[in-house]
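Below is one structure, written out as structure tokens; the observations come after it.
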Protein chains: 4
Amino acid sequence: MSSAAVKPGVAISRGLRGVIPPLCTPLSTAGDVDLDSLDRLIDHVLAAGVDGVFVLGSTGEGNGLTDGQRRQVVAGAVARVDGRVPVLAGVLEPSTARMVAIGTEFRDLGADGIVATAPYYFHANDRETDQHFRTIHERVGLPLIAYDIPVRVHAKLPLDVLLRLARDGVIAAVKDSSGDETLMRALVDVTADVDGFTVLTGSELLARHQMSFGVQGSVPGLGNVDPGGFVRLYQAAIRRNQQAAEREQARISELAALEGAAQQPSSQAAIAAFKAALVLLGVIDSATMTPPTAALAGAEIATVHARLTDAGLL
Amino acid sequence: MSSAAVKPGVAISRGLRGVIPPLCTPLSTAGDVDLDSLDRLIDHVLAAGVDGVFVLGSTGEGNGLTDGQRRQVVAGAVARVDGRVPVLAGVLEPSTARMVAIGTEFRDLGADGIVATAPYYFHANDRETDQHFRTIHERVGLPLIAYDIPVRVHAKLPLDVLLRLARDGVIAAVKDSSGDETLMRALVDVTADVDGFTVLTGSELLARHQMSFGVQGSVPGLGNVDPGGFVRLYQAAIRRNQQAAEREQARISELAALEGAAQQPSSQAAIAAFKAALVLLGVIDSATMTPPTAALAGAEIATVHARLTDAGLL
Amino acid sequence: MSSAAVKPGVAISRGLRGVIPPLCTPLSTAGDVDLDSLDRLIDHVLAAGVDGVFVLGSTGEGNGLTDGQRRQVVAGAVARVDGRVPVLAGVLEPSTARMVAIGTEFRDLGADGIVATAPYYFHANDRETDQHFRTIHERVGLPLIAYDIPVRVHAKLPLDVLLRLARDGVIAAVKDSSGDETLMRALVDVTADVDGFTVLTGSELLARHQMSFGVQGSVPGLGNVDPGGFVRLYQAAIRRNQQAAEREQARISELAALEGAAQQPSSQAAIAAFKAALVLLGVIDSATMTPPTAALAGAEIATVHARLTDAGLL
Amino acid sequence: MSSAAVKPGVAISRGLRGVIPPLCTPLSTAGDVDLDSLDRLIDHVLAAGVDGVFVLGSTGEGNGLTDGQRRQVVAGAVARVDGRVPVLAGVLEPSTARMVAIGTEFRDLGADGIVATAPYYFHANDRETDQHFRTIHERVGLPLIAYDIPVRVHAKLPLDVLLRLARDGVIAAVKDSSGDETLMRALVDVTADVDGFTVLTGSELLARHQMSFGVQGSVPGLGNVDPGGFVRLYQAAIRRNQQAAEREQARISELAALEGAAQQPSSQAAIAAFKAALVLLGVIDSATMTPPTAALAGAEIATVHARLTDAGLL
């Protein structure tokens with residue numbers, strides 16, 4: 001029933017690359033999914049020339065939304081994107097069976113690929129991690145991206161498991177948010193001969209550098225706010241225009257300071273800042289967060305405003 | 001629509017206490033919920049005189065089952081228990097909104113109370129943790145048990161947050177699986193004057209001891225296998241029959257060795273052993289685990305068999 | 001030059017077993033080692049019939065004392081014990097070479113064995129951990145006890161490494177403060193045929209139980225305060241007087257509540273409580289801690305006093 | 001007795017800034033400190049124009065060397081540097097008293113400042129952390145640099161504690177190896193008005209960027225291998241020659257790949273690679289590591305060679 005067999009097959013079979021922002025999920029002040037704002041956010045990033053969108057990742061509060069809300073987001077994104085770029089959907093469930101269940105729903109709603117972590121309530125050993133990704137891939141049937149984010153999952157995906165999964169065609173890419181550059185380089189190196197397989201980075205500050213050694217794209221939360229910057233960075237990088245790439249990277253790295261606007265520590269502070277910025281930019285209507293996290297307020301919003309102004313975005 | 005307003009109100013308003021085993025979820029070899037086996041498991045523990053049952057906890061693989069499977073388990077347990085003891089249901093979701101959603105469903109299916117951890121994908125700060133439990137309590141409306149299990153959630157519930165929630169009537173009990181006895185004692189002490197509030201322990205080896213300083217019950221995974229032992233231990237403890245309590249505790253502690261039967265490390269090894277034991281005891285039909293975890297096999301099952309025999313259960 | 005070649009060889013070659021309290025290090029209010037108090041503490045535990053003493057462990061603040069202070073402690077303990085039981089000395093250094101250096105000094109001062117963790121500034125991989133213990137053993141030449149304390153070292157000693165070291169005669173015992181009973185049982189089982197090798201527990205609450213499955217002794221911090229209780233527990237356990245063992249364990253477990261007397265969380269709170277108790281018992285002169293930790297005061301001391309009174313020790 | 005009162009006062013009172021490489025400690029194949037190689041390493045970095053040297057940090061295996069070896073290193077470095085730049089010395093001890101003891105020795109040997117972490121065997125609470133640095137500062141009397149390296153100490157230095165210590169003149173700088181850029185920015189911001197206080201970064205990949213928001217220097221392990229690169233980077237940054245800074249940063253970031261040359265995971269792998277590189281460059285004689293870590297060999301060295309060649313250093 002989905003059109004997945006046609007368009008995304010084309011897009012993703014060449015290998016996932018480029019800039020694929022993990023979209024924020026706009027919520028109304030009442031906490032409902034705000035599809036109009038989501039449409040505008042999609043327009044905002046597509047107008048900048050991104051190569052895909054990723055809904056329901058960590059930045060998209062995929063962990064914090066109900067099943068119904070998540071279905072709304074996927075359906076809404078698929079409709080608005082309308083085949084122009086791949087739509088990836090995060091299945092931030094704690095275990096295999098639930099990822100299969102929601103992933104199957106997302107496939108039927110038209111998602112082009114799904115993004116899955118290892119199980120994160122019970123820690124999975126290597127054999128279980130391997131089996132986990134194989135089960136998801138077999139049962140959902142969409143291109144599968146392994147999401148390596150130790151700060152949330154409390155374990156790093158092992159290099160040898162990833163290599164085996166890549167060679168066996170189970171995973172199409174890794175989104176590496178591990179911060180371990182030695183292992184990221186090693187992953188790039190050992191998978192270099194796996195046709196169509198790519199490594200994407202979650203790092204905003206090191207994107208340029210990491211593309212210099214074979215990382216093929218980025219999945220930057222800050223790409224909600226400044227998709228154009230990341231697109232220019234990527235374009236300069238692949239054209240080997242080092243100077244332009246570095247200039248753009250420097251601009252982006254400065255802009256990243258807005259992620260520290262929250263005055264109380266919260267592990268969702270950067271997301272709250274992205275949403276505050278998107279409201280200031282007129283892209284979405286409300287900076288409401290999923291419970292129990294509060295939206296930024298007062299002086300915090302002023303800080304975001306100052307950073308956007310400094311970056312020439314306001 | 002549920003009968004929850006009647007019976008559990010009675011049972012839980014006196015305060016949760018006694019032995020409340022976290023039931024395993026029997027699965028068929030195909031991985032479906034096996035309701036007949038669940039019925040027999042419930043009969044097995046009720047016949048031993050337990051004071052409640054807790055479905056869909058960590059031991060119940062609540063994290064690993066789909067929504068549909070979880071609804072089956074709650075409905076099946078409510079029907080089989082039929083009001084004789086409270087039925088508690090775990091809402092092992094990564095975030096507030098999802099816990100509210102599934103908790104509401106469990107309430108409507110007749111659960112008498114729900115058991116919730118802090119959010120466990122994003123780490124919640126103290127204010128967020130407080131707000132999390134308040135939101136669940138307000139929206140679901142059932143007695144709420146806070147589940148403190150740092151080995152899974154990667155953070156301990158703060159003592160001052162728990163005290164405030166207890167005093168405000170937000171939480172009815174804490175299930176403490178933290179292993180930090182100093183803080184468990186402190187929690188017992190500071191909540192001593194909160195009417196009807198209780199602290200339950202997840203420790204099998206220290207249950208007798210912890211009841212000596214005010215812990216009012218236990219939630220032992222091993223209680224699936226030997227509910228009678230835990231009931232005798234509890235009865236001896238409340239009657240201050242120290243000698244009988246210690247004898248029973250010693251027996252139980254020996255039996256706990258079966259939790260180490262797995263030959264490969266797995267964080268679900270103890271659960272796999274409980275299921276293997278329940279098959280050997282003729283209570284359930286299959287020791288199948290939720291993916292990606294394998295059931296015990298061969299020599300591992302022989303180890304479980306030996307331990308059951310040593311304990312006089314076979 | 002030391003008498004180590006004679007007496008401890010005798011004592012330890014039979015295998016380390018029984019009650020070996022990790023002695024507190026008494027300090028004057030000025031922070032100097034108080035050798036008179038140390039003498040009285042040694043008399044206190046020897047009078048109770050302990051099987052050895054362990055100076056400069058975690059409880060002995062071995063990590064917190066200077067080299068000079070540590071030499072004083074070892075020399076003082078060796079002199080006072082005078083060959084009646086083995087004197088073990090902790091080498092709580094972050095790395096191999098330093099453990100060799102200080103361990104050699106301790107040997108020359110007459111220590112009968114040394115107790116070493118894995119390196120704990122840099123994390124050692126399995127090969128490095130193996131090499132670490134071999135190097136210490138070869139260079140120091142005393143019986144070597146591996147100290148498994150993940151809460152301090154941030155890694156657990158791997159079972160297969162320990163087994164290899166035991167079989168090769170590198171380590172004479174493991175002091176297991178890991179809290180992982182499944183792996184402790186496994187260690188007892190796999191080393192059962194290694195002549196003279198023993199597993200000792202750091203757990204105060206589970207000592208009786210763990211001796212039931214082959215643990216051969218305990219190294220209890222609380223044994224500073226109540227050495228007699230631990231000796232009675234051990235004696236009852238080896239005579240298989242289950243009832244007496246359980247009664248003593250229950251008493252000890254109650255007494256352990258004094259470890260929670262501190263009103264501010266501190267990872268050295270239990271040690272501060274032991275010292276406060278030893279002052280109240282008239283064994284040592286001052287409860288001074290190594291910097292930057294404060295001694296207990298006021299209401300905290302009153303709590304310790306109440307616990308000692310409840311236990312019949314005051 | 002030391003000349004410390006004269007020269008370093010001058011150098012450090014202006015505030016620590018610029019490039020201060022954490023020097024490797026050259027060892028002979030027998031494991032002794034190789035002072036000739038250390039002299040050549042110092043010449044190598046001074047010739048490149050560094051602003052200070054830091055001996056006995058993590059990169060200098062300060063944790064792995066004996067007291068005698070460490071005294072040799074400090075004395076050797078002080079003699080060779082001969083007042084041209086400040087000599088900082090790490091006191092990588094697990095606790096306050098030992099840091100005071102060895103820090104005092106280093107002061108008397110002529111060190112110009114000392115670098116201290118929080119205690120790292122026992123975890124220190126905030127009050128203890130504050131007291132720890134105050135005690136060291138009072139007792140040693142040299143400029144004190146707080147070293148924030150959670151990957152080794154297993155805790156981050158709290159922002160409010162650092163601010164208080166900076167304002168009270170207890171610490172002269174923070175070496176931030178935490179990887180938490182939001183908190184690093186916050187530290188720079190809140191200490192901006194503390195005269196002479198600086199924040200230095202341990203990051204090699206983000207040095208340019210972090211200097212753009214107020215970080216005043218870097219302490220790069222890779223600066224052993226390519227001190228000139230880091231000096232050019234720093235000079236370009238302070239002259240606001242953005243393009244030159246970015247070009248140099250890009251070169252350095254590529255060179256950092258040599259840190260992944262080890263084929264087995266080891267937490268000291270980067271240090272082993274620096275030493276291998278220094279041998280290939282003819283600066284030091286042997287790549288021997290402190291036990292129990294092995295030097296790189298064979299193909300690993302070939303990888304380092306290739307990286308040096310790519311970077312134009314060979």
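As shown in the structure tokens, the chain order sets the letters A, B, ...; within each chain, residues go from 1, and ligands are also counted from 1 in the order they appear.
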For this session: Please run DSSP on the backbone and report, as a PyMOL selection string, all residues within range 142-226 of chain A that come out as alpha helix (DSSP H).
Result: chain A and resi 150-153+159-167+181-190+207-212
For this session: For range 218-234 of chain C, please output as a count of residues only all residues within 9 Å (counting only C-alpha atoms; exclusion window: fewer than 2 positions along the same chain).
Result: 58
For this session: When you get a sec, could you note down which chain D residues fall within 7 Å of chain A, using only C-alpha atoms, as a VMD selection string?
Result: chain D and resid 182 209 246 250 253 260
Produce a file of the selected residues containing N, CA, C and O atoms, as a PDB file, in the first residue's frame.
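The new file part.pdb reads:
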```pdb
ATOM      1  N   THR D 182      28.942  22.442  25.950  1.00  0.00           N
ATOM      2  CA  THR D 182      27.996  23.378  26.552  1.00  0.00           C
ATOM      3  C   THR D 182      28.531  23.868  27.893  1.00  0.00           C
ATOM      4  O   THR D 182      28.523  25.068  28.190  1.00  0.00           O
ATOM      5  N   HIS D 209      37.963  25.904  17.110  1.00  0.00           N
ATOM      6  CA  HIS D 209      36.603  26.342  17.402  1.00  0.00           C
ATOM      7  C   HIS D 209      36.477  26.829  18.843  1.00  0.00           C
ATOM      8  O   HIS D 209      35.889  27.879  19.116  1.00  0.00           O
ATOM      9  N   GLU D 246      41.881  27.569  10.297  1.00  0.00           N
ATOM     10  CA  GLU D 246      41.091  26.414   9.860  1.00  0.00           C
ATOM     11  C   GLU D 246      41.927  25.433   9.037  1.00  0.00           C
ATOM     12  O   GLU D 246      41.748  24.225   9.131  1.00  0.00           O
ATOM     13  N   ALA D 250      42.508  21.635  10.134  1.00  0.00           N
ATOM     14  CA  ALA D 250      42.177  20.518   9.245  1.00  0.00           C
ATOM     15  C   ALA D 250      43.364  19.555   9.131  1.00  0.00           C
ATOM     16  O   ALA D 250      43.189  18.326   9.160  1.00  0.00           O
ATOM     17  N   SER D 253      43.654  17.632  12.401  1.00  0.00           N
ATOM     18  CA  SER D 253      42.575  16.657  12.579  1.00  0.00           C
ATOM     19  C   SER D 253      42.825  15.408  11.746  1.00  0.00           C
ATOM     20  O   SER D 253      42.494  14.294  12.161  1.00  0.00           O
ATOM     21  N   GLY D 260      44.522   6.039  16.186  1.00  0.00           N
ATOM     22  CA  GLY D 260      43.773   4.790  16.065  1.00  0.00           C
ATOM     23  C   GLY D 260      44.598   3.650  15.498  1.00  0.00           C
ATOM     24  O   GLY D 260      44.046   2.664  15.028  1.00  0.00           O
TER      25      GLY D 260
END
```
For this session: Please give the complete set of residues from range 92-278 of chain C that DSSP, run on the backbone, assigns to strand (DSSP E or B), formatted as a list in words.
Result: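 Matching residues, listed in order: Gly113, Ile114, Val115, Ala116, Leu144, Ile145, Ala146, Tyr147, Asp148, Ala173, Val174, Lys175, Asp176, Thr198, Val199, Leu200, Thr201, Gly217 and Ser218 of chain C.
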Take the residues from that selection and write them out as a CSV table (one decimal), in the first residue's frame, keeping all heavy atoms.
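Okay, again-v4.csv is ready:
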```csv
chain,number,residue,atom,x,y,z
C,113,GLY,N,51.2,-10.6,52.8
C,113,GLY,CA,50.6,-10.7,51.5
C,113,GLY,C,50.1,-9.3,51.1
C,113,GLY,O,50.0,-8.4,51.9
C,114,ILE,N,49.9,-9.1,49.8
C,114,ILE,CA,49.4,-7.8,49.4
C,114,ILE,C,48.1,-8.0,48.6
C,114,ILE,O,47.9,-9.0,48.0
C,114,ILE,CB,50.5,-7.0,48.6
C,114,ILE,CG1,50.9,-7.8,47.3
C,114,ILE,CG2,51.6,-6.6,49.4
C,114,ILE,CD1,51.8,-7.0,46.4
C,115,VAL,N,47.4,-6.9,48.6
C,115,VAL,CA,46.0,-6.9,48.0
C,115,VAL,C,46.0,-5.8,47.0
C,115,VAL,O,46.3,-4.6,47.3
C,115,VAL,CB,45.0,-6.6,49.1
C,115,VAL,CG1,43.6,-6.7,48.5
C,115,VAL,CG2,45.1,-7.6,50.3
C,116,ALA,N,45.7,-6.2,45.7
C,116,ALA,CA,45.8,-5.2,44.6
C,116,ALA,C,44.6,-5.3,43.7
C,116,ALA,O,44.1,-6.3,43.4
C,116,ALA,CB,47.0,-5.6,43.8
C,144,LEU,N,49.5,-12.9,46.7
C,144,LEU,CA,48.8,-11.8,46.1
C,144,LEU,C,47.3,-12.0,46.1
C,144,LEU,O,46.9,-13.1,45.6
C,144,LEU,CB,49.3,-11.5,44.6
C,144,LEU,CG,48.7,-10.5,43.8
C,144,LEU,CD1,48.7,-9.1,44.4
C,144,LEU,CD2,49.3,-10.5,42.4
C,145,ILE,N,46.6,-11.1,46.6
C,145,ILE,CA,45.1,-11.2,46.6
C,145,ILE,C,44.6,-10.2,45.6
C,145,ILE,O,44.8,-9.0,45.7
C,145,ILE,CB,44.5,-11.0,48.0
C,145,ILE,CG1,45.0,-12.0,49.0
C,145,ILE,CG2,43.0,-10.9,48.0
C,145,ILE,CD1,46.3,-11.7,49.7
C,146,ALA,N,43.8,-10.7,44.7
C,146,ALA,CA,43.1,-9.7,43.7
C,146,ALA,C,41.9,-9.2,44.3
C,146,ALA,O,41.0,-9.9,44.9
C,146,ALA,CB,42.8,-10.5,42.4
C,147,TYR,N,41.7,-7.9,44.2
C,147,TYR,CA,40.7,-7.1,44.9
C,147,TYR,C,39.7,-6.7,43.8
C,147,TYR,O,40.0,-5.8,43.0
C,147,TYR,CB,41.3,-5.9,45.6
C,147,TYR,CG,40.5,-5.1,46.5
C,147,TYR,CD1,39.1,-5.4,46.8
C,147,TYR,CD2,41.0,-4.0,47.2
C,147,TYR,CE1,38.4,-4.7,47.7
C,147,TYR,CE2,40.3,-3.3,48.1
C,147,TYR,CZ,39.0,-3.6,48.3
C,147,TYR,OH,38.2,-2.8,49.2
C,148,ASP,N,38.5,-7.2,43.8
C,148,ASP,CA,37.5,-6.9,42.8
C,148,ASP,C,36.4,-6.0,43.4
C,148,ASP,O,35.5,-6.4,44.0
C,148,ASP,CB,36.8,-8.2,42.3
C,148,ASP,CG,36.1,-8.1,41.0
C,148,ASP,OD1,36.3,-7.0,40.4
C,148,ASP,OD2,35.3,-9.0,40.7
C,173,ALA,N,44.1,-15.6,46.3
C,173,ALA,CA,42.7,-15.4,46.7
C,173,ALA,C,42.1,-14.2,45.9
C,173,ALA,O,42.9,-13.4,45.3
C,173,ALA,CB,42.6,-15.1,48.2
C,174,VAL,N,40.8,-14.1,45.9
C,174,VAL,CA,40.1,-13.0,45.4
C,174,VAL,C,39.3,-12.4,46.6
C,174,VAL,O,38.6,-13.1,47.2
C,174,VAL,CB,39.2,-13.3,44.2
C,174,VAL,CG1,38.2,-12.1,43.9
C,174,VAL,CG2,40.0,-13.6,43.0
C,175,LYS,N,39.4,-11.1,46.8
C,175,LYS,CA,38.5,-10.4,47.7
C,175,LYS,C,37.4,-9.8,46.8
C,175,LYS,O,37.7,-8.9,46.0
C,175,LYS,CB,39.1,-9.3,48.5
C,175,LYS,CG,38.2,-8.8,49.5
C,175,LYS,CD,38.4,-7.4,49.9
C,175,LYS,CE,37.1,-6.8,50.5
C,175,LYS,NZ,37.2,-5.4,50.9
C,176,ASP,N,36.2,-10.4,46.9
C,176,ASP,CA,35.1,-10.0,45.9
C,176,ASP,C,34.2,-9.0,46.6
C,176,ASP,O,33.4,-9.4,47.5
C,176,ASP,CB,34.4,-11.3,45.5
C,176,ASP,CG,33.4,-11.0,44.4
C,176,ASP,OD1,32.8,-9.9,44.4
C,176,ASP,OD2,33.2,-11.9,43.6
C,198,THR,N,41.3,-19.3,47.5
C,198,THR,CA,40.1,-19.1,48.2
C,198,THR,C,39.4,-17.8,47.6
C,198,THR,O,40.1,-16.9,47.1
C,198,THR,CB,40.3,-18.9,49.7
C,198,THR,OG1,41.2,-17.8,49.9
C,198,THR,CG2,40.8,-20.2,50.3
C,199,VAL,N,38.1,-17.7,47.8
C,199,VAL,CA,37.3,-16.5,47.5
C,199,VAL,C,36.8,-16.0,48.9
C,199,VAL,O,36.2,-16.7,49.7
C,199,VAL,CB,36.2,-16.8,46.6
C,199,VAL,CG1,35.3,-15.6,46.3
C,199,VAL,CG2,36.7,-17.4,45.3
C,200,LEU,N,37.1,-14.7,49.1
C,200,LEU,CA,36.7,-14.0,50.3
C,200,LEU,C,35.7,-12.9,49.9
C,200,LEU,O,35.8,-12.4,48.8
C,200,LEU,CB,37.9,-13.3,51.0
C,200,LEU,CG,39.1,-14.3,51.3
C,200,LEU,CD1,40.3,-13.5,51.8
C,200,LEU,CD2,38.7,-15.4,52.2
C,201,THR,N,34.7,-12.7,50.8
C,201,THR,CA,33.7,-11.7,50.4
C,201,THR,C,33.8,-10.4,51.1
C,201,THR,O,34.2,-10.4,52.3
C,201,THR,CB,32.3,-12.3,50.7
C,201,THR,OG1,31.3,-11.3,50.3
C,201,THR,CG2,32.0,-12.6,52.2
C,217,GLY,N,35.7,-17.0,53.6
C,217,GLY,CA,35.9,-16.0,54.6
C,217,GLY,C,35.4,-14.7,54.2
C,217,GLY,O,34.8,-14.5,53.1
C,218,SER,N,35.5,-13.7,55.1
C,218,SER,CA,35.0,-12.4,54.9
C,218,SER,C,36.0,-11.3,55.3
C,218,SER,O,36.9,-11.5,56.1
C,218,SER,CB,33.7,-12.2,55.6
C,218,SER,OG,33.9,-12.1,57.0
```
Problem set entry | Distance criterion (only C-alpha atoms): nearest to Ala172 in chain B out of B:Asp112, B:Asp82, B:Glu300, B:Asp36 |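 Looking only at the distances to Ala172 in chain B, the closest residue turns out to be B:Asp112.
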Problem set entry | Near-range 95-101 of chain D list (12 Å; only C-alpha atoms; drop same-chain fewer than 3 positions) as a PyMOL selection string | (chain C and resi 31-32+61-70+92-94+289-293) or (chain D and resi 62-63+67+89-92+104-108+114-124+128-142+144+153)
Seminar exercise, completed: Counting only C-alpha atoms, the residue among C:Arg80, C:Arg127, C:Arg71, C:Arg307 that lies closest to Ser37 in chain C is C:Arg80
Exercise. Which is closest to Leu35 in chain B among B:Val74, B:Asn241, B:Ser177, B:Leu296, if we use only C-alpha atoms?
Worked result: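 So, comparing all the options, the nearest one is B:Val74.
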